>>> print(open('data_9.txt').read())   # compact mmCIF, C-alpha atoms and all ligand atoms
# COMPACT_ATOMS: atom_id res chain seq x y z
CA MET A 255 -15.42 3.55 36.37
CA GLY A 256 -14.42 6.04 33.68
CA LYS A 257 -17.64 5.27 31.89
CA TYR A 258 -19.72 6.05 34.95
CA LEU A 259 -17.85 9.28 35.46
CA ASN A 260 -18.54 10.17 31.84
CA ASN A 261 -22.21 9.44 32.20
CA PHE A 262 -22.24 11.50 35.32
CA LEU A 263 -20.58 14.43 33.58
CA VAL A 264 -23.02 14.23 30.70
CA ALA A 265 -25.89 14.18 33.17
CA LEU A 266 -24.41 17.09 35.06
CA SER A 267 -23.96 19.20 31.97
CA LEU A 268 -27.51 18.36 30.89
CA MET A 269 -28.69 19.52 34.26
CA LEU A 270 -26.79 22.77 34.09
CA THR A 271 -27.84 23.71 30.59
CA SER A 272 -31.45 22.58 30.57
CA SER A 273 -33.39 24.76 32.94
CA LEU A 274 -36.02 22.17 33.69
CA PHE A 275 -35.24 18.62 32.90
CA LEU A 276 -32.77 15.90 33.58
CA PHE A 277 -33.43 12.72 31.72
CA ALA A 278 -30.78 10.11 32.19
CA SER A 279 -31.60 6.44 32.26
CA ALA A 280 -30.49 4.39 35.24
CA ASP A 281 -29.54 1.34 33.20
CA GLU A 282 -26.32 2.13 31.40
CA SER A 283 -27.01 -0.12 28.41
CA GLU A 284 -30.18 1.90 27.80
CA LEU A 285 -28.42 5.24 27.58
CA PRO A 286 -28.92 6.82 24.18
CA MET A 287 -25.86 8.14 22.40
CA VAL A 288 -25.50 11.61 23.88
CA GLY A 289 -23.84 14.48 22.03
CA ASP A 290 -21.69 17.05 23.79
CA ILE A 291 -24.29 19.47 25.02
CA THR A 292 -21.76 22.15 25.98
CA ASN A 293 -20.48 22.31 22.43
CA GLY A 294 -24.09 22.09 21.21
CA THR A 295 -25.04 25.12 23.27
CA ARG A 296 -22.11 27.10 21.90
CA LEU A 297 -22.94 26.13 18.30
CA TYR A 298 -26.57 27.02 18.83
CA ARG A 299 -25.66 30.51 20.00
CA VAL A 300 -23.32 31.06 17.04
CA HIS A 301 -25.46 29.63 14.24
CA CYS A 302 -29.10 29.44 15.29
CA SER A 303 -30.02 32.02 17.93
CA VAL A 304 -30.01 34.94 15.47
CA CYS A 305 -33.26 33.50 14.07
CA HIS A 306 -34.56 31.14 16.74
CA GLY A 307 -33.74 33.38 19.73
CA PHE A 308 -31.48 32.89 22.72
CA PHE A 309 -33.97 30.57 24.44
CA GLY A 310 -35.26 28.97 21.22
CA LYS A 311 -38.65 30.63 21.31
CA GLY A 312 -38.49 31.58 17.62
CA ASP A 313 -37.95 35.27 18.42
CA GLY A 314 -34.38 36.03 17.34
CA PRO A 315 -33.45 39.49 15.97
CA ALA A 316 -33.37 38.25 12.34
CA LYS A 317 -37.02 37.21 12.58
CA VAL A 318 -38.18 40.54 11.14
CA THR A 319 -36.24 39.93 7.91
CA LEU A 320 -37.87 36.55 7.23
CA LYS A 321 -41.09 35.77 5.39
CA LYS A 322 -41.67 32.76 7.61
CA SER A 323 -41.32 32.86 11.40
CA PRO A 324 -38.52 30.70 12.78
CA ALA A 325 -39.84 27.65 14.63
CA ASN A 326 -40.31 27.72 18.41
CA LEU A 327 -37.76 25.08 19.37
CA ARG A 328 -39.20 24.81 22.89
CA ASP A 329 -42.54 23.59 21.53
CA GLY A 330 -42.97 19.95 22.54
CA SER A 331 -45.68 19.49 19.89
CA LEU A 332 -43.27 20.33 17.09
CA MET A 333 -40.03 18.87 18.43
CA ASN A 334 -41.40 15.53 19.67
CA ALA A 335 -42.98 15.07 16.26
CA ARG A 336 -39.46 15.02 14.73
CA ASP A 337 -37.21 12.07 15.41
CA ASP A 338 -33.43 12.46 15.70
CA SER A 339 -32.75 11.56 12.07
CA MET A 340 -35.25 14.17 10.85
CA LEU A 341 -33.65 16.88 12.99
CA PHE A 342 -30.21 15.77 11.94
CA SER A 343 -31.08 16.13 8.27
CA ILE A 344 -32.78 19.52 8.85
CA ILE A 345 -29.61 20.83 10.51
CA GLN A 346 -27.47 19.56 7.65
CA THR A 347 -29.58 20.26 4.58
CA GLY A 348 -32.09 22.83 5.86
CA CYS A 349 -35.77 22.70 5.22
CA LYS A 350 -35.74 22.42 1.44
CA ARG A 351 -35.70 18.64 1.43
CA SER A 352 -37.71 18.16 4.60
CA GLY A 353 -40.70 20.12 3.44
CA CYS A 354 -40.59 23.09 5.80
CA SER A 355 -39.83 26.66 4.69
CA PRO A 356 -36.61 27.27 2.68
CA ALA A 357 -36.00 30.26 5.03
CA MET A 358 -34.43 27.62 7.28
CA PRO A 359 -30.90 27.20 5.87
CA GLY A 360 -28.77 24.04 5.93
CA PHE A 361 -25.46 23.93 7.80
CA GLY A 362 -23.87 20.91 6.15
CA ASN A 363 -20.93 23.00 4.90
CA GLU A 364 -20.17 24.67 8.21
CA LEU A 365 -20.90 21.90 10.67
CA SER A 366 -19.49 18.38 10.82
CA SER A 367 -21.85 15.51 11.57
CA LEU A 368 -20.44 15.37 15.12
CA ASP A 369 -21.28 19.06 15.54
CA ALA A 370 -24.80 18.36 14.28
CA TRP A 371 -25.09 15.57 16.85
CA ASP A 372 -23.96 17.96 19.63
CA LEU A 373 -26.51 20.54 18.47
CA LEU A 374 -29.17 17.87 18.54
CA ALA A 375 -28.36 17.13 22.18
CA TYR A 376 -28.90 20.80 22.97
CA LEU A 377 -32.13 20.99 20.95
CA ARG A 378 -33.45 17.98 22.87
CA SER A 379 -32.77 19.74 26.17
CA MET A 380 -34.95 22.72 25.19
CA HIS A 381 -38.27 20.88 25.13
CA VAL A 382 -39.98 18.36 27.38
CA PRO A 383 -39.38 14.90 25.93
CA LEU A 384 -42.15 12.28 25.84
CA THR A 385 -40.09 10.06 28.15
CA TRP A 386 -40.63 12.61 30.91
CA PHE A 387 -44.34 11.82 30.87
CA PHE A 388 -44.04 8.05 30.37
CA PRO A 389 -40.48 6.76 30.93
CA GLN A 390 -41.45 3.30 29.57
CA VAL A 391 -42.40 4.62 26.11
CA ASP A 392 -41.00 2.58 23.18
CA GLN A 393 -43.14 3.75 20.29
CA TYR A 394 -45.44 6.67 19.65
CA VAL A 395 -47.65 8.21 17.02
CA VAL A 396 -48.63 11.83 16.56
CA LYS A 397 -51.52 13.46 14.73
CA ARG A 398 -53.15 16.87 14.65
CA TYR A 399 -56.92 16.47 15.09
CA HIS A 400 -59.67 18.95 14.38
CA ILE A 401 -61.99 18.22 17.31
CA GLY A 402 -65.64 18.08 16.33
CA HIS A 403 -64.66 17.40 12.71
CA VAL A 404 -63.36 13.85 13.11
CA GLY A 405 -65.21 10.70 12.07
CA ASN A 406 -68.93 10.27 11.42
CA GLU A 407 -71.65 12.77 12.32
CA ASP A 408 -72.69 11.03 15.53
CA PHE A 409 -69.15 11.14 16.82
CA GLN A 410 -68.74 14.80 15.84
CA ASP A 411 -72.01 15.74 17.54
CA GLY A 412 -70.92 13.83 20.65
CA GLN A 413 -67.64 15.74 20.82
CA LYS A 414 -69.29 19.13 20.32
CA GLU A 415 -72.00 18.38 22.87
CA ARG A 416 -69.53 17.24 25.56
CA LEU A 417 -67.34 20.30 25.06
CA ARG A 418 -70.30 22.67 25.16
CA LYS A 419 -71.46 21.09 28.43
CA ARG A 420 -68.04 21.08 30.06
CA ILE A 421 -66.40 24.32 28.98
CA GLY A 422 -68.99 26.34 27.08
CA LYS A 423 -67.85 28.29 24.02
CA VAL A 424 -64.70 27.08 22.28
CA LYS A 425 -62.45 29.21 20.10
CA PRO A 426 -61.79 27.77 16.62
CA GLU A 427 -58.04 27.46 17.24
CA GLU A 428 -58.62 25.51 20.46
CA LEU A 429 -60.20 22.75 18.37
CA PHE A 430 -56.86 21.85 16.82
CA GLN A 431 -55.09 19.44 19.14
CA THR A 432 -51.84 17.62 18.37
CA VAL A 433 -52.10 14.30 20.17
CA PHE A 434 -49.17 12.01 20.95
CA THR A 435 -50.20 8.43 21.74
CA LEU A 436 -47.54 6.40 23.53
CA PHE A 437 -46.97 2.65 23.60
CA LYS A 438 -44.63 0.18 25.15
CA ALA A 439 -43.41 -2.54 22.80
CA PRO A 440 -42.17 -6.12 23.11
CA THR A 441 -38.78 -5.04 21.80
CA HIS A 442 -37.32 -2.17 23.75
CA HIS A 443 -36.02 0.81 21.77
CA ARG A 444 -32.99 2.90 22.66
CA SER A 445 -34.98 6.04 22.14
CA PRO A 446 -38.70 6.01 21.42
CA GLU A 447 -39.58 5.28 17.79
CA LEU A 448 -41.89 7.65 15.95
CA VAL A 449 -44.30 5.37 14.08
CA PRO A 450 -45.38 6.93 10.77
CA GLN A 451 -49.05 7.39 9.89
CA GLN A 452 -49.15 4.31 7.65
CA PRO A 453 -52.16 1.98 7.99
CA ARG A 454 -50.05 -1.16 8.28
CA ARG A 455 -47.75 0.29 10.96
CA LEU A 456 -50.64 1.80 12.90
CA ALA A 457 -52.50 -1.54 12.88
CA GLN A 458 -49.51 -3.19 14.57
CA LEU A 459 -49.80 -0.97 17.64
CA LYS A 460 -51.61 -2.99 20.27
CA LYS A 461 -54.25 -1.30 22.36
CA THR A 462 -53.12 -3.35 25.37
CA ASN A 463 -49.62 -1.80 25.09
CA LYS A 464 -50.91 1.75 25.18
CA LEU A 465 -49.49 3.90 27.98
CA GLY A 466 -51.49 7.05 27.40
CA TYR A 467 -51.62 10.42 25.69
CA VAL A 468 -49.51 13.58 25.75
CA ILE A 469 -50.63 17.00 24.54
CA PHE A 470 -48.70 20.29 24.48
CA THR A 471 -50.94 23.28 24.60
CA GLN A 472 -51.55 26.58 26.37
CA LEU A 473 -53.31 27.33 29.60
CA GLN A 474 -55.11 30.58 30.33
CA GLY A 475 -53.27 31.72 33.46
CA PRO A 476 -53.93 34.66 35.78
CA ARG A 477 -54.22 38.07 34.08
CA ASN A 478 -55.02 36.18 30.87
CA ARG A 479 -51.42 35.15 30.48
CA LYS A 480 -51.02 32.24 28.05
CA VAL A 481 -48.85 29.61 29.69
CA PRO A 482 -47.31 26.83 27.56
CA ILE A 483 -47.90 23.47 29.23
CA GLY A 484 -47.67 19.73 28.66
CA ILE A 485 -50.35 17.37 29.97
CA SER A 486 -50.49 13.58 29.96
CA LEU A 487 -53.46 11.26 30.45
CA ASP A 488 -53.34 7.55 31.13
CA VAL A 489 -55.64 5.13 29.28
CA ASN A 490 -58.42 5.92 31.77
CA PHE A 491 -58.06 9.64 30.99
CA THR A 492 -56.67 10.40 34.44
CA ILE A 493 -54.09 13.22 34.53
CA THR A 494 -50.64 11.70 35.16
CA LYS A 495 -48.50 14.81 34.65
CA LEU A 496 -49.05 18.49 34.09
CA VAL A 497 -46.15 20.87 33.64
CA ALA A 498 -45.56 24.50 32.65
CA THR A 499 -42.77 24.75 30.08
CA LEU A 500 -41.79 28.39 30.58
CA VAL A 501 -38.16 29.44 30.19
CA ASP A 502 -37.82 31.09 33.61
CA PRO A 503 -37.44 28.29 36.16
CA GLY A 504 -38.69 30.53 38.97
CA ILE A 505 -41.98 31.41 37.28
CA ALA A 506 -42.38 27.87 35.89
CA GLY A 507 -41.87 26.53 39.43
CA GLU A 508 -44.66 28.71 40.77
CA TYR A 509 -47.06 27.48 38.10
CA ASN A 510 -45.98 23.91 38.63
CA LYS A 511 -46.76 24.03 42.34
CA ARG A 512 -50.34 24.76 41.31
CA LEU A 513 -50.44 22.33 38.41
CA GLU A 514 -49.17 19.34 40.41
CA LYS A 515 -52.40 19.39 42.39
CA TYR A 516 -54.34 18.11 39.37
CA VAL A 517 -52.33 14.92 38.95
CA GLY A 518 -54.63 11.96 39.64
CA MET A 519 -57.79 13.92 38.78
CA GLY A 520 -60.27 13.12 36.01
CA LYS A 521 -61.38 9.81 34.57
CA ARG A 522 -63.03 8.34 31.50
CA GLY A 523 -66.70 9.19 31.13
CA ASP A 524 -66.56 11.68 33.97
CA ASP A 525 -67.50 15.35 33.78
CA PRO A 526 -65.04 16.52 36.41
CA ARG A 527 -65.30 19.82 38.23
CA PHE A 528 -61.81 20.48 39.49
CA LYS A 529 -61.57 22.16 42.92
CA THR A 530 -58.21 22.83 44.53
CA GLY A 531 -59.17 25.71 46.80
CA ARG A 532 -61.70 28.43 47.54
CA ASP A 533 -59.47 31.43 46.85
CA LYS A 534 -59.63 33.40 43.63
CA MET A 535 -56.31 32.12 42.26
CA SER A 536 -57.29 28.46 42.76
CA LYS A 537 -60.51 29.12 40.89
CA VAL A 538 -58.64 30.65 37.95
CA PHE A 539 -56.45 27.56 37.72
CA ASP A 540 -59.34 25.11 38.24
CA LYS A 541 -61.19 26.65 35.34
CA ALA A 542 -58.13 26.80 33.07
CA VAL A 543 -57.08 23.20 33.75
CA GLN A 544 -60.64 21.97 33.29
CA ARG A 545 -60.65 23.55 29.85
CA VAL A 546 -57.30 22.07 28.85
CA TYR A 547 -58.39 18.69 30.23
CA ALA A 548 -61.71 18.60 28.34
CA LEU A 549 -59.93 19.41 25.07
CA ALA A 550 -57.20 16.84 25.74
CA VAL A 551 -59.82 14.16 26.41
CA GLU A 552 -61.51 14.90 23.08
CA GLY A 553 -58.10 14.67 21.38
CA ALA A 554 -57.63 11.23 22.94
CA ASN A 555 -61.17 10.30 21.91
CA ALA A 556 -60.33 11.22 18.31
CA PHE A 557 -57.37 8.84 18.39
CA GLU A 558 -59.53 6.09 19.89
CA LEU A 559 -62.17 6.50 17.20
CA GLU A 560 -59.54 5.85 14.53
CA GLU A 561 -58.09 3.00 16.56
CA LYS A 562 -61.52 1.40 16.74
CA ASP A 563 -61.99 1.77 12.99
CA ARG A 564 -58.62 0.10 12.38
CA SER A 565 -59.11 -2.85 14.69
CA TRP A 566 -62.80 -3.81 14.42
CA ALA A 567 -62.01 -6.39 11.77
CA ASP A 568 -59.39 -8.32 13.75
CA GLY A 569 -61.52 -8.51 16.90
CA THR A 570 -58.99 -6.79 19.18
CA PHE A 571 -61.28 -3.98 20.12
C1 LIG A 601 -31.93 32.51 8.74
C2 LIG A 601 -32.71 32.14 9.87
C3 LIG A 601 -32.51 30.76 10.48
C4 LIG A 601 -31.34 30.23 11.01
C5 LIG A 601 -29.97 30.86 11.06
C6 LIG A 601 -31.71 28.93 11.53
N1 LIG A 601 -33.03 28.69 11.30
FE1 LIG A 601 -34.05 27.02 11.89
N2 LIG A 601 -35.75 27.73 11.00
C7 LIG A 601 -35.86 28.97 10.40
C8 LIG A 601 -37.22 29.15 9.91
C9 LIG A 601 -37.77 30.36 9.19
C10 LIG A 601 -37.91 27.96 10.26
C11 LIG A 601 -39.40 27.66 10.00
C12 LIG A 601 -39.59 26.79 8.83
C13 LIG A 601 -41.04 26.44 8.68
O1 LIG A 601 -41.81 26.58 9.63
O2 LIG A 601 -41.42 26.00 7.60
C14 LIG A 601 -36.95 27.10 10.94
C15 LIG A 601 -37.25 25.85 11.41
C16 LIG A 601 -36.40 25.05 12.16
C17 LIG A 601 -36.73 23.76 12.72
C18 LIG A 601 -38.07 23.05 12.61
C19 LIG A 601 -38.19 22.39 11.27
C20 LIG A 601 -39.47 21.60 11.12
O3 LIG A 601 -39.36 20.39 11.00
O4 LIG A 601 -40.55 22.18 11.11
C21 LIG A 601 -35.63 23.32 13.38
C22 LIG A 601 -35.49 22.02 14.15
C23 LIG A 601 -34.59 24.32 13.22
N3 LIG A 601 -35.09 25.35 12.47
C24 LIG A 601 -33.33 24.24 13.77
C25 LIG A 601 -32.31 25.15 13.52
C26 LIG A 601 -30.96 24.99 14.00
C27 LIG A 601 -30.49 23.85 14.88
C28 LIG A 601 -30.26 26.06 13.55
C29 LIG A 601 -28.78 26.34 13.73
C30 LIG A 601 -27.88 25.32 13.32
C31 LIG A 601 -31.17 26.89 12.79
N4 LIG A 601 -32.41 26.30 12.79
C32 LIG A 601 -30.82 28.07 12.17
C33 LIG A 601 -34.88 29.92 10.27
C34 LIG A 601 -33.56 29.78 10.68
>>> encode(input="data_9.txt", output="C-alpha cells")
Amino acid sequence: MGKYLNNFLVALSLMLTSSLFLFASADESELPMVGDITNGTRLYRVHCSVCHGFFGKGDGPAKVTLKKSPANLRDGSLMNARDDSMLFSIIQTGCKRSGCSPAMPGFGNELSSLDAWDLLAYLRSMHVPLTWFFPQVDQYVVKRYHIGHVGNEDFQDGQKERLRKRIGKVKPEELFQTVFTLFKAPTHHRSPELVPQQPRRLAQLKKTNKLGYVIFTQLQGPRNRKVPIGISLDVNFTITKLVATLVDPGIAGEYNKRLEKYVGMGKRGDDPRFKTGRDKMSKVFDKAVQRVYALAVEGANAFELEEKDRSWADGTF
C-alpha cells in the first residue's frame, strides 16, 4: 500500500510541476526509477535558471555574458537525443567531456549523485518525452537529416520535387529535420534505449518492429508567431499526435484544440490538402500543418532510404 501511495505522490508532484504532461506507467514493475522532482525543481532554480531561464528556454539573465547560448531545455529534439546517463554526466562534469560548449559548467562538487538524479527528473518534465507519442517504445534512433541532400541524385530530386509541389518555396533552415524513429523490441526496456548510430546496431532494428517517427519543429501560427510543436507519424505516415509545447498551458491548450483535428490525417504516397474549416484561422492552421507534415514525411523518407540501404542484402526489405 505504501508503495502505491508513493507512486501516487510522485505522479501528483509530476503533475503539479510539469505544466503539460503526466507520464506514469500503469504497471508498477515498469515504473522507471523516479527522482524527487520537488527537490529537482528547487535545485534547478538555484543552480541552472540563471543561464537556462526560469522555464528552461535558454534565456536566463546570465545569457548575455556567455559566448555560447545556454541550451533550450524544453526542446524535445535536443533532450530526447540525450539518454539519462548522458544528462547525468553533463550535470556532474559539465560539457567539457561530453563535447558541448565548456560554458556549461559541471556541478559534481556541489551536487550529490542523488541531487543530480532529482534534477534529471525535473529536466525530463520540461520536454515532451517520446513515450508520450508512442507509449510502447523500447528503442529509438535519432538523426539530423538535410532534406534534399540525402542519398543518390534520384532520391534527392524526388524529395525536392515533392516539396516544391506540396509547399512551394522552402527556407534553407527548414530542410534540416531531426528525426526520431521509434521501435518496440522483443525485450522490454525500463526506459527507451537510445540506439547509437553504429551500423551493426542499426542493422539489428527490425522494420517490422517500427512504431513510427517523431519530429520536434516549429509551426507558423497566426500573426507569424513561431509555435514549437511535436508531431508523430505512424509507419503509413498518418499523423498520430500533434502537440504545441509552449510554456503557458492556456495558450498551448488553445493551439492544441486546433492541432488535435489533424490526428488521423495524411498517408503514405498521398499529397494531402488539409481542410478543417472555411474560416480564416482554420486556413492559417491548415497551411501551417501541411507544411510541417510535408517536411516530416521527407524526414521519415530519409530514414527509410538509409534503412533500405542497410537491409537490401539480408532480404528483409
Ligand atoms: C554558466 C551558465 C550555465 C549554468 C549555470 C548551467 N548551464 Fe547548462 N548549458 C550552458 C550552456 C552555455 C550550454 C550550451 C552548450 C552547447 O550548446 O554547447 C548548456 C547546455 C546544457 C545542456 C545540454 C547539453 C547538450 O548535450 O547539448 C543541459 C542538459 C544543461 N545545460 C543542463 C544544465 C543544468 C541541469 C544546470 C544546473 C545544474 C545547468 N545546465 C547550468 C550554460 C549553463
>>> closest_atom_pairs(input="data_9.txt", of="chain A", to="ligand LIG 601 (chain A)", cutoff="9 Å", atoms="all atoms listed in the file", output="CSV")
residue,atom,partner,partner_atom,distance
A:Leu297,CA,A:LIG601,C30,7.1
A:Tyr298,CA,A:LIG601,C29,5.6
A:Arg299,CA,A:LIG601,C29,8.2
A:Val300,CA,A:LIG601,C29,7.9
A:His301,CA,A:LIG601,C29,4.7
A:Cys302,CA,A:LIG601,C29,3.5
A:Ser303,CA,A:LIG601,C5,7.0
A:Val304,CA,A:LIG601,C5,6.0
A:Cys305,CA,A:LIG601,C2,4.4
A:His306,CA,A:LIG601,N1,6.2
A:Gly312,CA,A:LIG601,C7,8.1
A:Gly314,CA,A:LIG601,C2,8.6
A:Ala316,CA,A:LIG601,C2,6.6
A:Lys317,CA,A:LIG601,C2,7.2
A:Thr319,CA,A:LIG601,C1,8.6
A:Leu320,CA,A:LIG601,C9,6.5
A:Lys321,CA,A:LIG601,C9,7.4
A:Lys322,CA,A:LIG601,C9,4.8
A:Ser323,CA,A:LIG601,C9,4.9
A:Pro324,CA,A:LIG601,C8,3.5
A:Ala325,CA,A:LIG601,C15,4.5
A:Asn326,CA,A:LIG601,C18,7.8
A:Leu327,CA,A:LIG601,C22,6.5
A:Leu332,CA,A:LIG601,O4,6.8
A:Met333,CA,A:LIG601,C22,7.0
A:Ala335,CA,A:LIG601,O3,8.3
A:Arg336,CA,A:LIG601,O3,6.5
A:Met340,CA,A:LIG601,O3,7.5
A:Leu341,CA,A:LIG601,C22,5.6
A:Phe342,CA,A:LIG601,C22,8.5
A:Ile344,CA,A:LIG601,C22,6.5
A:Ile345,CA,A:LIG601,C27,5.4
A:Gln346,CA,A:LIG601,C30,8.1
A:Gly348,CA,A:LIG601,FE1,7.6
A:Cys349,CA,A:LIG601,C19,6.5
A:Ser352,CA,A:LIG601,O3,7.0
A:Gly353,CA,A:LIG601,O2,7.2
A:Cys354,CA,A:LIG601,O2,3.5
A:Ser355,CA,A:LIG601,O2,3.4
A:Pro356,CA,A:LIG601,C12,6.9
A:Ala357,CA,A:LIG601,C9,4.5
A:Met358,CA,A:LIG601,C7,3.7
A:Pro359,CA,A:LIG601,C6,6.0
A:Gly360,CA,A:LIG601,C30,7.6
A:Phe361,CA,A:LIG601,C30,6.2
A:Leu365,CA,A:LIG601,C30,8.2
A:Ala370,CA,A:LIG601,C30,7.7
A:Leu373,CA,A:LIG601,C27,6.3
A:Leu374,CA,A:LIG601,C27,7.1
A:Tyr376,CA,A:LIG601,C27,8.8
A:Leu377,CA,A:LIG601,C27,6.9
>>> residues_around(input="data_9.txt", residues="Glu561 in chain A", least_positions_apart="6", cutoff="10 Å", atoms="all atoms listed in the file", output="PyMOL selection string")
chain A and resi 456-457+459-461+555+571
>>> axis_aligned_box(input="data_9.txt", around="range 446-453 of chain A", padding_each_side="3 Å", output="JSON")
{"center_x": -45.4, "center_y": 4.8, "center_z": 14.5, "size_x": 19.5, "size_y": 11.7, "size_z": 19.8}
>>> residues_around(input="data_9.txt", residues="range 401-413 of chain A", least_positions_apart="4", cutoff="7 Å", atoms="only C-alpha atoms", output="ChimeraX atom specification")
/A:417,429-430,552-553,556
>>> residues_around(input="data_9.txt", residues="Ile291 in chain A", least_positions_apart="2", cutoff="6 Å", atoms="all atoms listed in the file", output="list of chain:residue names")
A:Gly289, A:Asn293, A:Gly294, A:Thr295, A:Asp372, A:Ala375, A:Tyr376
>>> closest_residue(input="data_9.txt", among="A:Ile493, A:Ile421, A:Met519, A:Thr385", to="Ala542 in chain A", atoms="only C-alpha atoms")
A:Ile421
>>> residues_around(input="data_9.txt", residues="range 534-541 of chain A", least_positions_apart="2", cutoff="9 Å", atoms="only C-alpha atoms", output="ChimeraX atom specification")
/A:421,473-476,512-513,516,527-532,543-546
>>> closest_residue(input="data_9.txt", among="A:Phe309, A:Gly518, A:Phe388, A:Ser339", to="Asp502 in chain A", atoms="all atoms listed in the file")
A:Phe309
>>> closest_residue(input="data_9.txt", among="A:Glu415, A:Glu514, A:Asp533, A:Glu558", to="Phe434 in chain A", atoms="all atoms listed in the file")
A:Glu558
>>> closest_residue(input="data_9.txt", among="A:Lys521, A:Pro446, A:Thr471, A:Val481", to="Val501 in chain A", atoms="only C-alpha atoms")
A:Val481
>>> closest_residue(input="data_9.txt", among="A:Glu508, A:Asp337, A:Asp290, A:Asp524", to="Asp369 in chain A", atoms="all atoms listed in the file")
A:Asp290
>>> atom_distance(input="data_9.txt", atom1="CA of Leu465 in chain A", atom2="CA of Lys397 in chain A")
16.5 Å
>>> atom_distance(input="data_9.txt", atom1="CA of Leu496 in chain A", atom2="CA of Phe557 in chain A")
20.2 Å
>>> atom_distance(input="data_9.txt", atom1="CA of Leu559 in chain A", atom2="CA of Pro526 in chain A")
21.9 Å
>>> closest_residue(input="data_9.txt", among="A:Ala548, A:Val382, A:Phe308, A:Arg328", to="Arg296 in chain A", atoms="only C-alpha atoms")
A:Phe308
>>> decode(input="data_9.txt", residues="range 376-396 of chain A", atoms="C-alpha atoms", output="mmCIF file, in the first residue's frame")
data_model
loop_
_atom_site.group_PDB
_atom_site.id
_atom_site.type_symbol
_atom_site.label_atom_id
_atom_site.label_comp_id
_atom_site.auth_asym_id
_atom_site.auth_seq_id
_atom_site.Cartn_x
_atom_site.Cartn_y
_atom_site.Cartn_z
ATOM 1 C CA TYR A 376 12.809 17.810 -13.311
ATOM 2 C CA LEU A 377 14.625 18.162 -16.652
ATOM 3 C CA ARG A 378 12.572 15.254 -18.008
ATOM 4 C CA SER A 379 9.351 17.015 -17.028
ATOM 5 C CA MET A 380 10.244 20.101 -19.090
ATOM 6 C CA HIS A 381 10.069 18.449 -22.511
ATOM 7 C CA VAL A 382 7.668 16.062 -24.213
ATOM 8 C CA PRO A 383 9.100 12.549 -23.897
ATOM 9 C CA LEU A 384 8.976 10.096 -26.810
ATOM 10 C CA THR A 385 6.760 7.786 -24.732
ATOM 11 C CA TRP A 386 4.021 10.405 -24.953
ATOM 12 C CA PHE A 387 3.814 9.822 -28.702
ATOM 13 C CA PHE A 388 4.268 6.037 -28.643
ATOM 14 C CA PRO A 389 3.910 4.552 -25.126
ATOM 15 C CA GLN A 390 5.148 1.140 -26.375
ATOM 16 C CA VAL A 391 8.568 2.458 -27.472
ATOM 17 C CA ASP A 392 11.547 0.311 -26.370
ATOM 18 C CA GLN A 393 14.315 1.561 -28.624
ATOM 19 C CA TYR A 394 14.856 4.603 -30.789
ATOM 20 C CA VAL A 395 17.370 6.234 -33.074
ATOM 21 C CA VAL A 396 17.819 9.897 -33.879
#
